[in-house]
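**Student:** Dropping the structure in here first, questions after.
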Amino acid sequence: MAELTLTDASLKPIADKVLAGERLSFDDGVALYRTPDLLAVGWLANFIREKRHGNITYYNVNRHINPTNVCVAHCKLCAFGRDPGAPGAYTFTLEEMYERAEQGVREGATEFHIVGGLHPDLPFDFFLELIRGLKQRHPHVHLKAFTMVEVHYFARIARLTVDETLQKMKEAGVDSCPGGGAEIFHPRVRRIICDHKVSGRMWLSMAKKAHRLGLPTNATMLYGHVETAEERVDHLLKLREAQDETHGFVAFIPLAFHPDNTPLAHIPKPTGYDDLRNIAISRLLLDNFDHIKAYWVMLTPSIAQIALRFGANDIDGTVVEEKIYHDAGAKTAEFTSRGDLERLIRAAGRVPVERDTLYRPIDRSKLPPIVPATPPGLVTLSLDA
Ligand code: V47
């Protein structure tokens with residue numbers, strides 16, 4: 001492996017720790033956020049990434065299903081939620097969601113990623129029925145459904161404990177939970193960007209409960225709004241601590257804040273430098289997470305590709321019909337194909353491996369052939385975009 005050249009000498013003790021496989025501290029994390037030497041941070045993250053995964057880069061074939069955008073939470077960070085009856089508000093029927101799922105399966109989906117708003121009138125049973133119906137129709141498709149924020153809301157409206165709620169989800173057919181709603185755990189930040197959402201402490205406690213009940217989850221961090229470097233490091237170290245306890249987190253996804261159409265529209269968008277730095281620091285601080293995902297929808301295909309050399313070993317999936325980021329002004333396509341993702345990965349000098357949600361390689365020869373189709377109104381990813 002090539003030598004590391006440091007232009008910021010204060011990184012030397014951190015580099016020594018990384019090369020020796022030692023755990024980094026809070027202060028190390030802050031120093032990694034402060035240094036202008038992004039290439040050194042990236043080099044170190046890539047060192048760990050290649051030690052763990054070599055050249056392999058994972059992707060999956062998935063389909064997003066967002067049952068409703070009607071939401072009582074009114075988070076300032078969000079452009080997706082609507083009041084009932086407001087322009088653009090929608091709630092799919094079960095049949096409409098089954099049709100979307102059917103289309104996803106024809107296109108080879110091995111995962112449905114299901115998240116939505118906190119609807120004032122839809123009962124928990126509606127969502128359980130959705131899961132049961134999907135599982136019955138497509139028993140081999142992994143159901144990654146409902147963030148800790150939704151689970152907390154379901155528990156409240158159904159007058160159940162969090163454990164009982166998670167258990168009912170699991171019995172209905174939920175296989176794992178996505179990592180959304182974590183934002184930044186620090187209460188100062190939550191008061192500004194999502195004051196009605198579960199606290200950071202509650203999010204973490206619920207994720208650990210899910211793990212103990214046998215439901216793996218992902219974790220996220222929303223960066224690039226009002227948070228400080230210290231608050232990001234605090235967030236990452238709290239996740240590392242929780243992972244030490246349960247080992248139930250599958251992947252970590254740093255999410256760049258998209259301000260358009262939100263009450264925080266005055267905040268400038270995170271830059272490419274911020275994106276790559278957050279990917280790299282996640283890899284370095286989260287030494288007990290196997291997988292760091294560069295979510296191409298939010299990063300743009302170009303930055304996601306470079307992130308594969310800054311610590312990321314996964315580029316997420318084909319997605320199809322992404323709404324949360326596109327309502328907030330994302331200019332990326334709403335879906336892509338297996339071929340495009342593989343091309344993106346190969347062009348970064350990595351080896352693409354299609355995975356299921358739990359990172360087991362998929363053998364396409366054992367699955368029905370894919371029927372490629374462009375969902376109406378959507379455009380495919382272009383590497384030139
Ligand atoms: O929790 C909402 C974020 C998350 C905005 O688990 C916004 O595999 C930026 O969690 N600008 C939902 N971000 C997305 C998510 C996710 C994505 C991909 C994969 C996985 C996974 C999870 O999106 C929300 C919130 O943090 N978000 N609004 C916005 N305006």
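Residues are named by chain letter and number: chains run A, B, ... in the order of the structure tokens, numbers start at 1 in each chain, and ligands are numbered from 1 in the order shown.
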With a distance cut-off of 10 Å and only C-alpha atoms, select the neighbouring residues of A:Pro268, excluding the residue or stretch itself and same-chain residues fewer than 2 positions from it, and output the selection as number ranges by chain.
**Tutor:** A: 224-225, 257-260, 264-266, 270-271
**Student:** Need the shell around A:Arg364: protein/DNA/RNA residues with any atom at most 12 Å away, counting only C-alpha atoms. Skip same-chain ones fewer than 6 positions apart. Format as a list in words?
**Tutor:**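 Once the adjacent positions are removed, what remains is Asn60, Val61, Gly108, Ala109, Thr110, Arg338, Val353, Glu354, Arg355, Asp356 and Ile370 of chain A.
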**Student:** With only C-alpha atoms and all ligand atoms counted, collect every polymer residue having an atom within 8 Å of ligand 1; state the result as JSON, numbers by chain.
**Tutor:** {"A": [77, 78, 79, 80, 113, 115, 144, 147, 177, 178, 179, 180, 181, 182, 183, 217, 218, 219, 220, 221, 222, 251, 252, 253, 255, 256, 257, 258, 259, 260, 261, 262, 295, 298, 316, 324, 325, 327, 328, 329]}
**Student:** I'd like to know which residues of stretch 52-207 of chain A are alpha helix (DSSP H) (by DSSP, run on the backbone); could you write them as a count of residues only?
**Tutor:** 66
**Student:** Go ahead and compute the interatomic distance for atom CA of A:Val149 and atom CA of A:Ile281, in Å to one decimal.
**Tutor:**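 Distance reported for this atom pair: 25.5 Å.
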**Student:** Any idea what the distance is between atom CA of A:Leu308 and atom CA of A:Lys12?
**Tutor:**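 According to the coordinates, atom CA of A:Leu308 and atom CA of A:Lys12 are separated by 23.6 Å.
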**Student:** Give me, please, the distance in Å between atom CA of A:Gly200 and atom CA of A:Glu321, quoted to one decimal.
**Tutor:**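 Between these atoms lies a distance of 28.6 Å.
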**Student:** Could you please write out, as an mmCIF file with N, CA, C and O atoms, in the first residue's frame, every residue of stretch 98-280 of chain A that DSSP assigns to strand (DSSP E or B)?
**Tutor:**
data_model
loop_
_atom_site.group_PDB
_atom_site.id
_atom_site.type_symbol
_atom_site.label_atom_id
_atom_site.label_comp_id
_atom_site.auth_asym_id
_atom_site.auth_seq_id
_atom_site.Cartn_x
_atom_site.Cartn_y
_atom_site.Cartn_z
ATOM 1 N N GLU A 111 -35.711 -6.258 -1.867
ATOM 2 C CA GLU A 111 -36.006 -5.497 -0.633
ATOM 3 C C GLU A 111 -37.064 -4.439 -0.925
ATOM 4 O O GLU A 111 -36.988 -3.764 -1.945
ATOM 5 N N PHE A 112 -38.037 -4.307 -0.023
ATOM 6 C CA PHE A 112 -38.904 -3.124 -0.021
ATOM 7 C C PHE A 112 -38.482 -2.267 1.161
ATOM 8 O O PHE A 112 -38.403 -2.759 2.296
ATOM 9 N N HIS A 113 -38.226 -0.989 0.864
ATOM 10 C CA HIS A 113 -37.813 -0.023 1.895
ATOM 11 C C HIS A 113 -39.054 0.833 2.160
ATOM 12 O O HIS A 113 -39.462 1.616 1.297
ATOM 13 N N ILE A 114 -39.667 0.652 3.333
ATOM 14 C CA ILE A 114 -40.984 1.250 3.583
ATOM 15 C C ILE A 114 -40.903 2.261 4.729
ATOM 16 O O ILE A 114 -40.650 1.880 5.880
ATOM 17 N N HIS A 142 -37.235 -9.062 1.278
ATOM 18 C CA HIS A 142 -36.940 -8.560 2.631
ATOM 19 C C HIS A 142 -37.734 -7.272 2.865
ATOM 20 O O HIS A 142 -37.686 -6.349 2.054
ATOM 21 N N LEU A 143 -38.425 -7.209 3.998
ATOM 22 C CA LEU A 143 -39.201 -6.005 4.323
ATOM 23 C C LEU A 143 -38.442 -5.175 5.351
ATOM 24 O O LEU A 143 -38.373 -5.528 6.534
ATOM 25 N N LYS A 144 -37.822 -4.099 4.866
ATOM 26 C CA LYS A 144 -37.099 -3.155 5.746
ATOM 27 C C LYS A 144 -38.061 -1.993 5.979
ATOM 28 O O LYS A 144 -38.232 -1.143 5.106
ATOM 29 N N ALA A 145 -38.735 -2.022 7.134
ATOM 30 C CA ALA A 145 -39.881 -1.124 7.271
ATOM 31 C C ALA A 145 -39.904 -0.391 8.607
ATOM 32 O O ALA A 145 -39.654 -0.991 9.655
ATOM 33 N N SER A 176 -36.458 -6.096 9.074
ATOM 34 C CA SER A 176 -35.476 -5.180 9.675
ATOM 35 C C SER A 176 -36.050 -3.773 9.580
ATOM 36 O O SER A 176 -37.099 -3.573 8.963
ATOM 37 N N CYS A 177 -35.358 -2.819 10.205
ATOM 38 C CA CYS A 177 -35.848 -1.432 10.168
ATOM 39 C C CYS A 177 -34.794 -0.529 9.531
ATOM 40 O O CYS A 177 -33.594 -0.698 9.790
ATOM 41 N N THR A 217 -31.309 -3.255 12.530
ATOM 42 C CA THR A 217 -31.673 -1.932 11.999
ATOM 43 C C THR A 217 -30.442 -1.282 11.372
ATOM 44 O O THR A 217 -29.316 -1.710 11.639
ATOM 45 N N ASN A 218 -30.701 -0.250 10.577
ATOM 46 C CA ASN A 218 -29.618 0.610 10.117
ATOM 47 C C ASN A 218 -29.568 1.843 11.008
ATOM 48 O O ASN A 218 -30.437 2.035 11.868
ATOM 49 N N ALA A 219 -28.572 2.675 10.803
ATOM 50 C CA ALA A 219 -28.474 3.940 11.538
ATOM 51 C C ALA A 219 -28.058 5.024 10.560
ATOM 52 O O ALA A 219 -27.377 4.747 9.562
ATOM 53 N N THR A 220 -28.499 6.251 10.837
ATOM 54 C CA THR A 220 -28.155 7.381 9.958
ATOM 55 C C THR A 220 -27.672 8.563 10.807
ATOM 56 O O THR A 220 -27.826 8.565 12.040
ATOM 57 N N MET A 221 -27.113 9.550 10.121
ATOM 58 C CA MET A 221 -26.830 10.846 10.760
ATOM 59 C C MET A 221 -27.105 11.914 9.697
ATOM 60 O O MET A 221 -26.583 11.819 8.579
ATOM 61 N N LEU A 222 -27.952 12.868 10.022
ATOM 62 C CA LEU A 222 -28.247 13.958 9.087
ATOM 63 C C LEU A 222 -27.290 15.112 9.394
ATOM 64 O O LEU A 222 -27.330 15.669 10.495
ATOM 65 N N TYR A 223 -26.447 15.465 8.424
ATOM 66 C CA TYR A 223 -25.445 16.503 8.675
ATOM 67 C C TYR A 223 -25.646 17.675 7.705
ATOM 68 O O TYR A 223 -26.300 17.541 6.671
ATOM 69 N N PHE A 249 -26.759 -3.189 14.558
ATOM 70 C CA PHE A 249 -26.787 -2.268 13.416
ATOM 71 C C PHE A 249 -26.108 -2.933 12.217
ATOM 72 O O PHE A 249 -24.997 -3.458 12.349
ATOM 73 N N VAL A 250 -26.775 -2.857 11.076
ATOM 74 C CA VAL A 250 -26.230 -3.497 9.876
ATOM 75 C C VAL A 250 -25.342 -2.509 9.114
ATOM 76 O O VAL A 250 -24.214 -2.818 8.771
ATOM 77 N N ALA A 251 -25.885 -1.330 8.847
ATOM 78 C CA ALA A 251 -25.129 -0.354 8.052
ATOM 79 C C ALA A 251 -25.361 1.043 8.606
ATOM 80 O O ALA A 251 -26.382 1.316 9.235
ATOM 81 N N PHE A 252 -24.394 1.917 8.341
ATOM 82 C CA PHE A 252 -24.522 3.325 8.720
ATOM 83 C C PHE A 252 -24.565 4.170 7.449
ATOM 84 O O PHE A 252 -23.766 3.949 6.529
ATOM 85 N N ILE A 253 -25.494 5.137 7.434
ATOM 86 C CA ILE A 253 -25.654 5.984 6.249
ATOM 87 C C ILE A 253 -25.612 7.455 6.668
ATOM 88 O O ILE A 253 -26.557 7.954 7.279
ATOM 89 N N PRO A 254 -24.510 8.177 6.359
ATOM 90 C CA PRO A 254 -24.506 9.622 6.604
ATOM 91 C C PRO A 254 -25.396 10.282 5.551
ATOM 92 O O PRO A 254 -25.273 9.992 4.362
ATOM 93 N N LEU A 255 -26.318 11.146 5.988
ATOM 94 C CA LEU A 255 -27.272 11.771 5.057
ATOM 95 C C LEU A 255 -27.029 13.276 5.008
ATOM 96 O O LEU A 255 -27.052 13.952 6.043
ATOM 97 N N ALA A 256 -26.822 13.799 3.802
ATOM 98 C CA ALA A 256 -26.590 15.250 3.636
ATOM 99 C C ALA A 256 -27.916 15.983 3.666
ATOM 100 O O ALA A 256 -28.864 15.586 2.981
#
**Student:** Counting only C-alpha atoms, which residue out of A:Pro123, A:Gly214, A:Pro84, A:Pro139 sits closest to A:Ile157?
**Tutor:**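 Closest candidate: A:Pro123.
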**Student:** Would you mind listing what lies within 9 Å of A:Glu230 as a ChimeraX atom specification, with only C-alpha atoms counted and same-chain residues fewer than 6 positions away left out?
**Tutor:** /A:26-27,29-30,33
**Student:** Include N, CA and C atoms and write out the residues we just selected as a PDB file, in the first residue's frame.
**Tutor:**
ATOM      1  N   PHE A  26     -13.111  10.846  21.270  1.00  0.00           N
ATOM      2  CA  PHE A  26     -13.930  12.025  20.940  1.00  0.00           C
ATOM      3  C   PHE A  26     -13.048  13.122  20.324  1.00  0.00           C
ATOM      4  N   ASP A  27     -11.924  13.426  20.993  1.00  0.00           N
ATOM      5  CA  ASP A  27     -11.052  14.503  20.496  1.00  0.00           C
ATOM      6  C   ASP A  27     -10.479  14.171  19.119  1.00  0.00           C
ATOM      7  N   GLY A  29     -11.995  12.480  16.856  1.00  0.00           N
ATOM      8  CA  GLY A  29     -13.099  12.720  15.917  1.00  0.00           C
ATOM      9  C   GLY A  29     -13.203  14.196  15.573  1.00  0.00           C
ATOM     10  N   VAL A  30     -13.127  15.052  16.602  1.00  0.00           N
ATOM     11  CA  VAL A  30     -13.235  16.497  16.359  1.00  0.00           C
ATOM     12  C   VAL A  30     -12.050  16.957  15.493  1.00  0.00           C
ATOM     13  N   TYR A  33     -12.658  16.271  11.942  1.00  0.00           N
ATOM     14  CA  TYR A  33     -13.586  17.235  11.342  1.00  0.00           C
ATOM     15  C   TYR A  33     -12.928  18.592  11.087  1.00  0.00           C
TER      16      TYR A  33
END
